[in-house]
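Colleague: Just so it is clear, I am handing over data_19.csv, which has CSV, C-alpha atoms.
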```
chain,number,residue,atom,x,y,z
A,30,MET,CA,-21.0,28.4,-18.6
A,31,THR,CA,-19.8,25.3,-16.9
A,32,VAL,CA,-17.1,23.8,-14.8
A,33,ARG,CA,-15.0,21.0,-16.2
A,34,LEU,CA,-13.8,18.1,-13.9
A,35,THR,CA,-11.3,15.6,-15.1
A,36,LEU,CA,-10.7,12.2,-13.5
A,37,ARG,CA,-8.1,10.1,-15.4
A,38,ASP,CA,-9.4,10.0,-19.0
A,39,GLN,CA,-13.0,10.9,-18.0
A,40,GLU,CA,-14.3,14.4,-18.4
A,41,TYR,CA,-17.4,15.8,-16.6
A,42,GLU,CA,-19.2,19.1,-16.7
A,43,VAL,CA,-21.3,20.7,-14.0
A,44,TYR,CA,-22.7,24.2,-13.3
A,45,GLY,CA,-20.8,26.5,-11.1
A,46,GLY,CA,-22.1,27.7,-7.7
A,47,MET,CA,-22.1,24.4,-5.9
A,48,THR,CA,-19.3,22.9,-3.7
A,49,ILE,CA,-16.9,20.4,-5.2
A,50,ARG,CA,-18.2,17.8,-2.7
A,51,HIS,CA,-21.8,18.3,-4.0
A,52,ALA,CA,-20.7,18.1,-7.6
A,53,LEU,CA,-18.8,14.9,-6.9
A,54,LEU,CA,-21.9,13.3,-5.3
A,55,LYS,CA,-24.0,14.5,-8.1
A,56,LEU,CA,-21.7,12.8,-10.6
A,57,GLY,CA,-21.6,9.6,-8.6
A,58,ILE,CA,-17.9,10.0,-7.6
A,59,GLN,CA,-17.1,9.2,-4.0
A,60,PRO,CA,-15.5,12.3,-2.5
A,61,GLU,CA,-13.3,10.0,-0.4
A,62,SER,CA,-11.7,8.5,-3.5
A,63,VAL,CA,-10.3,11.7,-5.0
A,64,LEU,CA,-8.4,14.9,-4.3
A,65,PRO,CA,-9.4,18.0,-6.2
A,66,THR,CA,-6.7,20.3,-7.6
A,67,LEU,CA,-7.0,23.6,-9.4
A,68,ASP,CA,-4.0,24.9,-11.4
A,69,GLY,CA,-1.9,22.2,-9.8
A,70,GLU,CA,-2.8,23.3,-6.3
A,71,LEU,CA,-4.7,21.1,-3.9
A,72,ILE,CA,-8.1,22.5,-2.9
A,73,THR,CA,-10.6,21.4,-0.3
A,74,ASP,CA,-13.9,19.9,-1.4
A,75,ASP,CA,-16.0,22.5,0.4
A,76,GLU,CA,-14.8,25.2,-2.2
A,77,ILE,CA,-17.5,26.7,-4.4
A,78,LEU,CA,-17.0,25.9,-8.1
A,79,GLN,CA,-16.8,29.0,-10.3
A,80,ASP,CA,-17.8,28.9,-14.0
A,81,ASP,CA,-14.9,28.1,-16.5
A,82,GLN,CA,-12.8,26.5,-13.9
A,83,HIS,CA,-11.0,23.2,-14.7
A,84,ILE,CA,-10.7,20.9,-11.7
A,85,ARG,CA,-8.4,18.0,-12.0
A,86,LEU,CA,-9.3,15.1,-9.7
A,87,VAL,CA,-6.5,12.9,-8.5
A,88,ALA,CA,-7.6,9.3,-7.8
A,89,VAL,CA,-6.3,8.1,-4.4
A,90,ILE,CA,-7.5,4.5,-4.3
A,91,SER,CA,-4.8,1.9,-4.9
A,92,GLY,CA,-5.0,-1.8,-4.5
A,93,GLY,CA,-4.1,-5.3,-5.7
A,94,ALA,CA,-1.4,-7.4,-4.1
A,95,ARG,CA,0.0,-5.0,-1.5
B,4,MET,CA,-10.4,16.2,7.0
B,5,ARG,CA,-14.0,15.5,8.1
B,6,GLN,CA,-12.9,12.4,10.1
B,7,HIS,CA,-10.6,14.5,12.3
B,8,LYS,CA,-12.8,17.6,12.2
B,9,LEU,CA,-9.7,19.5,11.1
B,10,ALA,CA,-8.9,21.9,8.3
B,11,LEU,CA,-5.3,22.8,7.7
B,12,CYS,CA,-3.3,24.9,5.2
B,13,LYS,CA,-0.4,23.3,3.2
B,14,GLU,CA,2.2,24.3,5.7
B,15,HIS,CA,0.4,23.1,8.8
B,16,PHE,CA,-0.8,19.9,7.0
B,17,LEU,CA,2.8,18.9,6.3
B,18,VAL,CA,3.8,19.6,9.9
B,19,TRP,CA,0.7,17.7,11.2
B,20,PHE,CA,1.4,14.7,8.9
B,21,THR,CA,5.1,14.5,9.9
B,22,GLU,CA,4.3,14.7,13.6
B,23,GLN,CA,1.5,12.1,13.4
B,24,THR,CA,3.9,9.7,11.7
B,25,GLN,CA,6.4,10.1,14.5
B,26,ARG,CA,3.5,9.7,17.0
B,27,PHE,CA,2.5,6.4,15.4
B,28,ILE,CA,6.1,5.1,15.3
B,29,ASN,CA,6.4,5.8,19.1
B,30,LYS,CA,2.9,4.6,20.0
B,31,TYR,CA,3.4,1.2,18.4
B,32,HIS,CA,7.2,0.9,19.3
B,33,MET,CA,8.0,0.5,15.6
B,34,PHE,CA,11.7,1.4,15.5
B,35,GLY,CA,14.3,3.9,16.8
B,36,TYR,CA,17.0,6.2,15.3
B,37,GLU,CA,19.6,3.4,15.8
B,38,ASP,CA,17.7,0.9,13.6
B,39,ARG,CA,18.5,0.2,10.0
B,40,ILE,CA,15.2,0.4,8.1
B,41,LEU,CA,14.4,-1.2,4.7
B,42,VAL,CA,11.6,0.7,3.0
B,43,ALA,CA,9.6,-1.3,0.4
B,44,VAL,CA,9.0,1.1,-2.5
B,45,SER,CA,6.9,0.6,-5.5
B,46,GLY,CA,7.0,4.1,-7.1
B,47,GLY,CA,3.5,4.8,-5.8
B,48,LYS,CA,2.3,7.6,-3.5
B,49,ASP,CA,2.3,5.7,-0.2
B,50,SER,CA,5.7,4.1,-0.4
B,51,LEU,CA,7.5,7.2,-1.7
B,52,ALA,CA,5.7,9.5,0.8
B,53,LEU,CA,6.8,7.1,3.6
B,54,TRP,CA,10.4,7.1,2.4
B,55,ASN,CA,10.3,10.9,2.3
B,56,VAL,CA,8.8,11.4,5.7
B,57,LEU,CA,11.1,8.9,7.5
B,58,HIS,CA,14.1,10.6,5.9
B,59,ARG,CA,12.9,14.0,7.0
B,60,LEU,CA,12.4,12.6,10.5
B,61,GLY,CA,16.1,11.5,10.5
B,62,TYR,CA,15.8,7.7,10.3
B,63,GLN,CA,18.4,5.5,8.5
B,64,THR,CA,16.6,4.2,5.5
B,65,ASP,CA,17.4,2.2,2.3
B,66,GLY,CA,14.8,1.4,-0.4
B,67,LEU,CA,13.9,-1.9,-1.9
B,68,TYR,CA,12.2,-2.0,-5.3
B,69,ILE,CA,10.9,-5.3,-6.7
B,70,GLY,CA,10.7,-5.4,-10.5
B,71,LEU,CA,7.6,-7.5,-11.3
B,72,GLY,CA,7.8,-7.4,-15.1
B,73,ILE,CA,4.2,-6.1,-15.6
B,74,ASN,CA,4.9,-4.4,-18.9
B,75,GLN,CA,2.5,-5.6,-21.5
B,76,GLU,CA,0.7,-2.7,-23.1
B,77,THR,CA,1.0,-0.4,-20.2
B,78,GLY,CA,4.7,-0.5,-19.3
B,79,TYR,CA,3.7,-0.3,-15.7
B,80,SER,CA,6.8,-1.9,-14.1
B,81,ALA,CA,9.2,0.0,-16.3
B,82,GLU,CA,7.5,3.3,-15.4
B,83,SER,CA,7.3,2.6,-11.7
B,84,LEU,CA,11.0,1.8,-11.6
B,85,GLN,CA,11.7,5.1,-13.3
B,86,PHE,CA,9.8,7.0,-10.7
B,87,THR,CA,11.5,5.1,-7.9
B,88,GLU,CA,15.0,5.6,-9.3
B,89,LYS,CA,14.4,9.3,-10.0
B,90,TYR,CA,13.3,9.7,-6.4
B,91,ALA,CA,16.3,7.8,-5.0
B,92,THR,CA,18.7,9.8,-7.1
B,93,LYS,CA,17.1,13.2,-6.2
B,94,TYR,CA,17.5,12.5,-2.5
B,95,ASN,CA,20.7,10.5,-2.8
B,96,HIS,CA,19.1,7.4,-1.2
B,97,LYS,CA,20.4,3.9,-1.5
B,98,LEU,CA,18.0,1.8,-3.6
B,99,ILE,CA,18.2,-2.0,-3.9
B,100,VAL,CA,16.5,-3.4,-7.0
B,101,VAL,CA,15.5,-7.1,-7.3
B,102,ASP,CA,14.1,-8.1,-10.7
B,103,VAL,CA,11.8,-11.1,-10.3
B,104,ALA,CA,12.5,-12.5,-13.8
B,105,GLU,CA,16.2,-12.5,-13.1
B,106,PHE,CA,15.8,-13.8,-9.5
B,107,ALA,CA,13.1,-16.5,-10.0
B,108,GLY,CA,13.1,-17.2,-13.8
B,109,ALA,CA,9.9,-15.5,-15.0
B,110,THR,CA,8.0,-12.3,-14.8
B,111,ILE,CA,4.9,-12.2,-12.5
B,112,PRO,CA,2.4,-12.4,-15.5
B,113,GLU,CA,4.3,-15.3,-17.0
B,114,ALA,CA,4.4,-17.1,-13.6
B,115,ALA,CA,0.6,-16.5,-13.0
B,116,ALA,CA,-0.1,-18.0,-16.4
B,117,LEU,CA,1.9,-21.2,-15.5
B,118,THR,CA,0.4,-21.9,-12.1
B,119,LEU,CA,-3.1,-22.4,-10.8
B,120,ARG,CA,-2.4,-20.1,-7.8
B,121,GLY,CA,-4.8,-17.2,-8.1
B,122,LYS,CA,-6.8,-18.8,-10.9
B,123,GLY,CA,-5.1,-16.7,-13.7
B,124,LYS,CA,-5.0,-13.4,-11.7
B,125,PRO,CA,-1.4,-12.5,-11.0
B,126,CYS,CA,-2.1,-10.8,-7.6
B,127,SER,CA,-1.7,-14.0,-5.6
B,128,VAL,CA,1.7,-15.0,-7.1
B,129,CYS,CA,2.7,-11.3,-6.9
B,130,GLY,CA,1.9,-10.9,-3.2
B,131,LEU,CA,3.6,-14.2,-2.3
B,132,THR,CA,6.8,-13.3,-4.3
B,133,LYS,CA,7.0,-9.8,-2.9
B,134,ARG,CA,6.7,-11.0,0.7
B,135,TYR,CA,9.4,-13.6,0.1
B,136,ILE,CA,11.8,-11.2,-1.6
B,137,MET,CA,11.2,-8.5,1.1
B,138,ASN,CA,11.9,-10.9,3.8
B,139,MET,CA,15.0,-12.3,2.1
B,140,VAL,CA,16.5,-8.8,1.4
B,141,ALA,CA,15.8,-7.7,5.0
B,142,HIS,CA,17.7,-10.7,6.3
B,143,GLN,CA,20.6,-10.6,3.8
B,144,GLY,CA,21.1,-6.9,4.4
B,145,ASP,CA,20.8,-7.3,8.2
B,146,TYR,CA,18.1,-4.7,8.4
B,147,ASP,CA,16.3,-4.3,11.8
B,148,VAL,CA,12.9,-3.7,10.3
B,149,LEU,CA,11.1,-3.8,7.0
B,150,VAL,CA,8.5,-1.0,6.5
B,151,THR,CA,5.7,-0.8,4.0
B,152,GLY,CA,3.4,2.1,3.0
B,153,HIS,CA,0.2,0.4,3.9
B,154,ASN,CA,-2.3,3.1,4.9
B,155,LEU,CA,-5.5,2.9,6.9
B,156,ASP,CA,-7.7,2.2,3.8
B,157,ASP,CA,-5.4,-0.8,2.9
B,158,GLU,CA,-5.5,-2.1,6.5
B,159,VAL,CA,-9.3,-1.7,6.9
B,160,ALA,CA,-9.9,-3.4,3.5
B,161,ILE,CA,-7.8,-6.3,4.6
B,162,LEU,CA,-9.5,-6.4,8.0
B,163,PHE,CA,-12.9,-6.2,6.4
B,164,GLY,CA,-12.1,-9.1,4.1
B,165,ASN,CA,-10.7,-11.2,6.8
B,166,THR,CA,-13.7,-10.5,9.1
B,167,LEU,CA,-16.2,-11.4,6.4
B,168,ASN,CA,-14.4,-14.8,6.2
B,169,TRP,CA,-13.5,-15.1,9.9
B,170,ALA,CA,-10.0,-15.8,8.8
B,171,VAL,CA,-8.7,-15.7,12.4
B,172,GLY,CA,-5.2,-16.8,11.5
B,173,TYR,CA,-4.8,-13.7,9.3
B,174,LEU,CA,-6.6,-11.5,11.8
B,175,ALA,CA,-4.1,-12.6,14.5
B,176,ARG,CA,-1.2,-11.5,12.2
B,177,GLN,CA,-2.6,-8.1,11.3
B,178,GLY,CA,-1.4,-5.0,13.1
B,179,PRO,CA,0.9,-1.9,13.0
B,180,VAL,CA,3.9,-4.2,13.8
B,181,LEU,CA,4.6,-7.8,13.1
B,182,GLU,CA,7.4,-9.0,15.4
B,183,GLU,CA,10.3,-11.0,14.1
B,184,THR,CA,9.7,-14.8,14.5
B,185,ALA,CA,12.2,-17.3,15.7
B,186,GLY,CA,12.0,-19.1,12.3
B,187,GLY,CA,13.2,-16.1,10.4
B,188,LEU,CA,10.4,-13.8,9.4
B,189,ALA,CA,11.7,-10.2,9.5
B,190,ARG,CA,10.2,-7.6,11.8
B,191,LYS,CA,7.7,-5.5,9.9
B,192,ALA,CA,6.1,-2.1,10.6
B,193,LYS,CA,3.5,0.1,8.9
B,194,PRO,CA,4.0,3.7,10.0
B,195,PHE,CA,1.1,4.9,7.8
B,196,CYS,CA,-1.5,2.5,9.2
B,197,ARG,CA,-3.6,5.2,10.7
B,198,PHE,CA,-3.5,7.7,7.8
B,199,TYR,CA,-6.4,7.8,5.4
B,200,GLU,CA,-5.4,7.1,1.8
B,201,ARG,CA,-6.4,10.7,0.9
B,202,GLU,CA,-4.0,12.0,3.5
B,203,THR,CA,-1.0,10.1,2.2
B,204,ALA,CA,-1.9,11.2,-1.4
B,205,ALA,CA,-2.2,14.8,-0.1
B,206,TYR,CA,1.2,14.6,1.5
B,207,ALA,CA,2.8,13.3,-1.7
B,208,LEU,CA,1.2,16.1,-3.8
B,209,LEU,CA,2.0,18.9,-1.3
B,210,GLN,CA,5.5,17.7,-0.9
B,211,GLY,CA,6.0,17.6,-4.6
B,212,ILE,CA,6.8,13.9,-4.9
B,213,ASP,CA,6.5,12.5,-8.4
B,214,TYR,CA,4.9,9.2,-8.2
B,215,ILE,CA,3.3,6.7,-10.6
B,216,TYR,CA,-0.3,7.8,-11.0
B,217,GLU,CA,-1.5,4.8,-13.0
B,218,GLU,CA,-2.6,1.8,-11.1
B,219,CYS,CA,-1.2,-1.7,-11.7
B,220,PRO,CA,-3.3,-3.0,-14.6
B,221,HIS,CA,-4.1,-6.2,-12.7
B,222,ALA,CA,-5.6,-4.2,-9.8
B,223,THR,CA,-8.8,-3.6,-11.9
B,224,GLY,CA,-11.5,-5.7,-10.3
B,225,ALA,CA,-9.4,-6.6,-7.3
B,226,LYS,CA,-11.3,-7.5,-4.1
B,227,SER,CA,-9.3,-5.0,-2.0
B,228,ILE,CA,-10.5,-2.1,-4.3
B,229,TYR,CA,-14.1,-3.4,-4.1
B,230,TYR,CA,-13.9,-3.4,-0.3
B,231,LYS,CA,-12.4,0.1,-0.3
B,232,VAL,CA,-15.3,1.5,-2.4
B,233,GLN,CA,-17.8,-0.1,0.1
B,234,LEU,CA,-16.0,1.3,3.1
B,235,ASN,CA,-15.7,4.7,1.5
B,236,GLN,CA,-19.5,4.7,1.2
B,237,LEU,CA,-19.7,4.0,5.0
B,238,GLU,CA,-17.2,6.8,5.6
B,239,ALA,CA,-19.1,9.3,3.5
B,240,ASP,CA,-22.3,8.6,5.6
B,241,ARG,CA,-20.4,8.4,8.9
B,242,PRO,CA,-17.0,10.1,8.9
B,243,GLY,CA,-14.5,8.3,11.1
B,244,THR,CA,-16.0,4.8,10.5
B,245,LYS,CA,-12.8,3.4,9.0
B,246,LEU,CA,-10.5,4.6,11.7
B,247,SER,CA,-13.0,3.5,14.4
B,248,PHE,CA,-13.2,0.0,12.9
B,249,TYR,CA,-9.4,-0.4,12.8
B,250,LEU,CA,-8.8,1.0,16.3
B,251,SER,CA,-11.6,-1.2,17.8
B,252,PHE,CA,-9.9,-4.2,16.2
B,253,LEU,CA,-6.5,-3.3,17.6
B,254,ARG,CA,-8.1,-2.9,21.1
B,255,ALA,CA,-9.8,-6.3,20.8
B,256,LYS,CA,-6.5,-7.9,19.7
B,257,GLU,CA,-4.7,-6.3,22.6
B,258,SER,CA,-7.2,-7.7,25.0
B,259,GLY,CA,-6.3,-11.2,23.7
B,260,PHE,CA,-9.1,-11.9,21.2
B,261,PHE,CA,-6.7,-13.7,18.8
B,262,ALA,CA,-3.9,-14.6,21.1
B,263,HIS,CA,-4.4,-18.3,20.7
B,264,GLN,CA,-4.4,-18.2,16.9
B,265,ASN,CA,-1.3,-16.2,16.8
B,266,SER,CA,0.7,-18.5,19.0
B,267,ALA,CA,-0.6,-21.5,17.1
B,268,VAL,CA,0.7,-20.0,13.8
B,269,GLN,CA,4.1,-19.2,15.2
B,270,ALA,CA,4.5,-22.6,16.9
B,271,ASN,CA,3.9,-24.4,13.5
B,272,LEU,CA,6.7,-22.5,11.6
B,273,ILE,CA,9.5,-24.7,10.4
B,274,SER,CA,12.3,-24.0,7.9
B,275,CYS,CA,11.7,-24.7,4.2
B,276,GLN,CA,13.8,-27.6,3.0
B,277,THR,CA,14.8,-25.8,-0.1
B,278,CYS,CA,15.5,-22.1,0.9
B,279,GLY,CA,15.4,-22.1,4.7
B,280,GLN,CA,12.8,-19.4,5.0
B,281,PRO,CA,10.0,-20.1,7.6
B,282,THR,CA,6.9,-21.9,6.5
B,283,SER,CA,4.0,-23.7,8.0
B,284,ALA,CA,4.0,-26.3,5.1
B,285,PRO,CA,5.6,-29.7,5.8
B,286,GLU,CA,8.5,-29.6,3.3
B,287,GLN,CA,8.8,-26.6,0.9
B,288,CYS,CA,7.5,-23.1,1.5
B,289,ALA,CA,4.7,-21.8,-0.8
B,290,PHE,CA,7.2,-19.6,-2.8
B,291,CYS,CA,9.6,-22.6,-3.6
B,292,ARG,CA,6.6,-24.9,-4.5
B,293,THR,CA,5.0,-22.3,-6.7
B,294,TRP,CA,8.2,-21.2,-8.5
B,295,HIS,CA,9.4,-24.8,-8.9
B,296,ARG,CA,6.1,-25.5,-10.7
B,297,VAL,CA,6.5,-22.4,-12.9
B,298,ARG,CA,10.1,-23.2,-13.9
B,299,SER,CA,9.2,-26.9,-14.7
B,300,ARG,CA,6.2,-26.0,-16.8
B,301,ARG,CA,8.2,-23.3,-18.6
B,302,ALA,CA,10.9,-25.8,-19.4
B,303,ALA,CA,8.3,-28.4,-20.6
B,304,ALA,CA,6.7,-25.9,-22.9
B,305,ALA,CA,10.0,-24.8,-24.4
```
What would you get if you wrote out this structure as structure tokens?
Modeller:
Amino acid sequence: MTVRLTLRDQEYEVYGGMTIRHALLKLGIQPESVLPTLDGELITDDEILQDDQHIRLVAVISGGAR
Amino acid sequence: MRQHKLALCKEHFLVWFTEQTQRFINKYHMFGYEDRILVAVSGGKDSLALWNVLHRLGYQTDGLYIGLGINQETGYSAESLQFTEKYATKYNHKLIVVDVAEFAGATIPEAAALTLRGKGKPCSVCGLTKRYIMNMVAHQGDYDVLVTGHNLDDEVAILFGNTLNWAVGYLARQGPVLEETAGGLARKAKPFCRFYERETAAYALLQGIDYIYEECPHATGAKSIYYKVQLNQLEADRPGTKLSFYLSFLRAKESGFFAHQNSAVQANLISCQTCGQPTSAPEQCAFCRTWHRVRSRRAAAA
């Protein structure tokens, strides 16, 4: 039983029971660089992940010639 | 929001974000309700969120979209125009569209391949061209101020790069507001300059704004993104670092740290002999020089 996290075309899996922030750090994703969403709703990164959830991570970093 | 030691629900976040925008507009004397505002929009989260919040606050805004012609493989420009037009139609906003290929004779990738500027990376030609067109449209349309969606992360990445290189001329010109110059540079303001990038993205999501999620394909490997990643590492270890860096810089600037450099830059501005826009170069401005070269090389190759 795992939690799926998707960032652009990358997919990750972690065990439930930890916070989203902890999971991101464990996966080497900077928590500052993404916004987690569940079923289209924005959630905070201190929420505890539950098994079978699918978290979509919205990348927030933009750059180039601004 | 660890940096503010604040946790808000959707409803209160939207109120907080809107009130903070108004607070920054007032604090830095950006513009008033009587001013005509030109909003530079790219179809991305920051610029559409800015257009949205300024409209909700009751300001008079029109949008400016610049078509860069970055369409190979990804269709990036075509898609970003679609998002922008869809937004403008939904809210019945006036949108001005300038297509670079029609205006200057080539797309940004074509121009980048024909000039040494930026060493093959289009970002340098792109930035130069966008700044030129934004200034031109602001003047032609008699707008009081041009606003961009630069957020705190953008500002801090620029500040970080300029500090690493002690680029004092650029440091002197950075701030929430750039005043109009006698030579013809339009007044510019950045109402989101104190919002974290996560906050503007959260506003766009919570407000239901459809924006282009994909990044410009040429942004991969950009120095600004590299700096943002490094700064985010600092922020993760010490929440509030980015805001503190930016605000300390503004205080230093206000106390006169870069006053000499700023007046030196402004004193050296003259009119470009070709287009009349302000430049510190002796004859032609960088835009006219670059695009003259692009068109000549294109004609020679044909």
Colleague: Show me, as JSON lines, the residues of chain A having an atom within 10 Å of chain B, each with the closest atom pair and its distance in Å, using all atoms listed in the file.
Modeller:
```
{"residue": "A:Arg37", "atom": "CA", "partner": "B:Glu217", "partner_atom": "CA", "distance": 8.8}
{"residue": "A:Gln59", "atom": "CA", "partner": "B:Asn235", "partner_atom": "CA", "distance": 7.2}
{"residue": "A:Pro60", "atom": "CA", "partner": "B:Ala239", "partner_atom": "CA", "distance": 7.6}
{"residue": "A:Glu61", "atom": "CA", "partner": "B:Asn235", "partner_atom": "CA", "distance": 6.1}
{"residue": "A:Ser62", "atom": "CA", "partner": "B:Arg201", "partner_atom": "CA", "distance": 7.2}
{"residue": "A:Val63", "atom": "CA", "partner": "B:Arg201", "partner_atom": "CA", "distance": 7.1}
{"residue": "A:Leu64", "atom": "CA", "partner": "B:Arg201", "partner_atom": "CA", "distance": 7.0}
{"residue": "A:Pro65", "atom": "CA", "partner": "B:Ala205", "partner_atom": "CA", "distance": 10.0}
{"residue": "A:Thr66", "atom": "CA", "partner": "B:Leu208", "partner_atom": "CA", "distance": 9.7}
{"residue": "A:Gly69", "atom": "CA", "partner": "B:Leu208", "partner_atom": "CA", "distance": 9.1}
{"residue": "A:Glu70", "atom": "CA", "partner": "B:Leu209", "partner_atom": "CA", "distance": 8.2}
{"residue": "A:Leu71", "atom": "CA", "partner": "B:Leu209", "partner_atom": "CA", "distance": 7.5}
{"residue": "A:Ile72", "atom": "CA", "partner": "B:Cys12", "partner_atom": "CA", "distance": 9.7}
{"residue": "A:Thr73", "atom": "CA", "partner": "B:Ala10", "partner_atom": "CA", "distance": 8.8}
{"residue": "A:Asp74", "atom": "CA", "partner": "B:Met4", "partner_atom": "CA", "distance": 9.8}
{"residue": "A:Val87", "atom": "CA", "partner": "B:Tyr216", "partner_atom": "CA", "distance": 8.4}
{"residue": "A:Ala88", "atom": "CA", "partner": "B:Tyr216", "partner_atom": "CA", "distance": 8.1}
{"residue": "A:Val89", "atom": "CA", "partner": "B:Arg201", "partner_atom": "CA", "distance": 5.9}
{"residue": "A:Ile90", "atom": "CA", "partner": "B:Glu200", "partner_atom": "CA", "distance": 7.0}
{"residue": "A:Ser91", "atom": "CA", "partner": "B:Glu218", "partner_atom": "CA", "distance": 6.6}
{"residue": "A:Gly92", "atom": "CA", "partner": "B:Ile228", "partner_atom": "CA", "distance": 5.5}
{"residue": "A:Gly93", "atom": "CA", "partner": "B:Ala222", "partner_atom": "CA", "distance": 4.5}
{"residue": "A:Ala94", "atom": "CA", "partner": "B:Gly130", "partner_atom": "CA", "distance": 4.9}
{"residue": "A:Arg95", "atom": "CA", "partner": "B:Gly130", "partner_atom": "CA", "distance": 6.4}
```
Colleague: Point out the residue among A:Leu67, A:Ile49, A:Leu78, A:Leu56 with the least atom-to-atom distance to Met30 (chain A), counting all atoms listed in the file.
Modeller: A:Leu78
Colleague: State, in Å with one decimal place, the distance from CA of Leu250 (chain B) to CA of Thr184 (chain B).
Modeller: 24.4 Å
Colleague: Could you jot down the CA of Gln82 (chain A) to CA of Val32 (chain A) separation for me, Å, one decimal place?
Modeller: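 According to the coordinates, CA of Gln82 (chain A) and CA of Val32 (chain A) are separated by 5.2 Å.
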Colleague: Could you give me, as a short mmCIF file (atom, residue, chain, number, x, y, z; two decimals) with C-alpha atoms, keeping the file's coordinate frame, the residues within 9 Å of Arg33 (chain A), counting all atoms listed in the file and dropping anything in the same chain fewer than 5 positions from it?
Modeller:
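Output file result_21.cif follows:
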```cif
data_model
loop_
_atom_site.label_atom_id
_atom_site.label_comp_id
_atom_site.auth_asym_id
_atom_site.auth_seq_id
_atom_site.Cartn_x
_atom_site.Cartn_y
_atom_site.Cartn_z
CA GLU A 40 -14.30 14.40 -18.40
CA TYR A 41 -17.40 15.80 -16.60
CA GLU A 42 -19.20 19.10 -16.70
CA VAL A 43 -21.30 20.70 -14.00
CA TYR A 44 -22.70 24.20 -13.30
CA ASP A 80 -17.80 28.90 -14.00
CA ASP A 81 -14.90 28.10 -16.50
CA GLN A 82 -12.80 26.50 -13.90
CA HIS A 83 -11.00 23.20 -14.70
CA ILE A 84 -10.70 20.90 -11.70
CA ARG A 85 -8.40 18.00 -12.00
#
```
Colleague: Grab the CA of Arg39 (chain B) to CA of Leu272 (chain B) distance for me, in Å with one decimal place.
Modeller: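 Distance between the two atoms: 25.6 Å.
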Colleague: Using all atoms listed in the file, which protein or nucleic acid residues come within 7 Å of region 276-285 of chain B? Drop anything in the same chain fewer than 3 positions from it, and give the result as a list in words.
Modeller: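 So the residues in contact are Gly186, Gly187, Leu188, Asn271, Leu272, Ile273 and Cys288 of chain B.
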Colleague: Just checking: using all atoms listed in the file, which residue out of B:Ile69, B:Leu17, B:Leu155, B:Ala207 ends up closest to Met139 (chain B)?
Modeller: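 With all atoms listed in the file as the atom set, the closest residue is B:Ile69.
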Colleague: Fewer than 2 positions away in the same chain doesn't count, so skip those; otherwise give me all residues within 12 Å of Gly72 (chain B), counting only C-alpha atoms, as a ChimeraX atom specification.
Modeller: /B:69-70,74-84,101-115,125,129,219-220
Colleague: For the structure just given, write the atoms of region 132-144 of chain B, namely N, CA and C atoms, as an mmCIF file, in the first residue's frame.
Modeller:
```cif
data_model
loop_
_atom_site.group_PDB
_atom_site.id
_atom_site.type_symbol
_atom_site.label_atom_id
_atom_site.label_comp_id
_atom_site.auth_asym_id
_atom_site.auth_seq_id
_atom_site.Cartn_x
_atom_site.Cartn_y
_atom_site.Cartn_z
ATOM 1 N N THR B 132 14.098 42.022 -26.615
ATOM 2 C CA THR B 132 12.963 42.308 -27.504
ATOM 3 C C THR B 132 11.695 42.597 -26.690
ATOM 4 N N LYS B 133 11.466 41.800 -25.662
ATOM 5 C CA LYS B 133 10.263 42.025 -24.839
ATOM 6 C C LYS B 133 10.316 43.398 -24.160
ATOM 7 N N ARG B 134 11.471 43.743 -23.597
ATOM 8 C CA ARG B 134 11.591 45.056 -22.916
ATOM 9 C C ARG B 134 11.319 46.187 -23.903
ATOM 10 N N TYR B 135 11.841 46.045 -25.129
ATOM 11 C CA TYR B 135 11.677 47.082 -26.144
ATOM 12 C C TYR B 135 10.195 47.243 -26.516
ATOM 13 N N ILE B 136 9.547 46.104 -26.789
ATOM 14 C CA ILE B 136 8.137 46.151 -27.233
ATOM 15 C C ILE B 136 7.238 46.654 -26.093
ATOM 16 N N MET B 137 7.517 46.211 -24.874
ATOM 17 C CA MET B 137 6.697 46.673 -23.736
ATOM 18 C C MET B 137 6.787 48.188 -23.600
ATOM 19 N N ASN B 138 8.004 48.705 -23.719
ATOM 20 C CA ASN B 138 8.197 50.151 -23.596
ATOM 21 C C ASN B 138 7.493 50.902 -24.727
ATOM 22 N N MET B 139 7.618 50.351 -25.930
ATOM 23 C CA MET B 139 7.012 50.980 -27.107
ATOM 24 C C MET B 139 5.480 51.035 -26.974
ATOM 25 N N VAL B 140 4.887 49.898 -26.599
ATOM 26 C CA VAL B 140 3.413 49.843 -26.506
ATOM 27 C C VAL B 140 2.922 50.747 -25.363
ATOM 28 N N ALA B 141 3.670 50.785 -24.270
ATOM 29 C CA ALA B 141 3.278 51.649 -23.143
ATOM 30 C C ALA B 141 3.241 53.110 -23.587
ATOM 31 N N HIS B 142 4.219 53.503 -24.409
ATOM 32 C CA HIS B 142 4.266 54.893 -24.897
ATOM 33 C C HIS B 142 3.195 55.160 -25.937
ATOM 34 N N GLN B 143 3.099 54.244 -26.908
ATOM 35 C CA GLN B 143 2.125 54.454 -27.998
ATOM 36 C C GLN B 143 0.703 54.499 -27.452
ATOM 37 N N GLY B 144 0.433 53.683 -26.442
ATOM 38 C CA GLY B 144 -0.928 53.631 -25.886
ATOM 39 C C GLY B 144 -1.155 54.640 -24.783
#
```
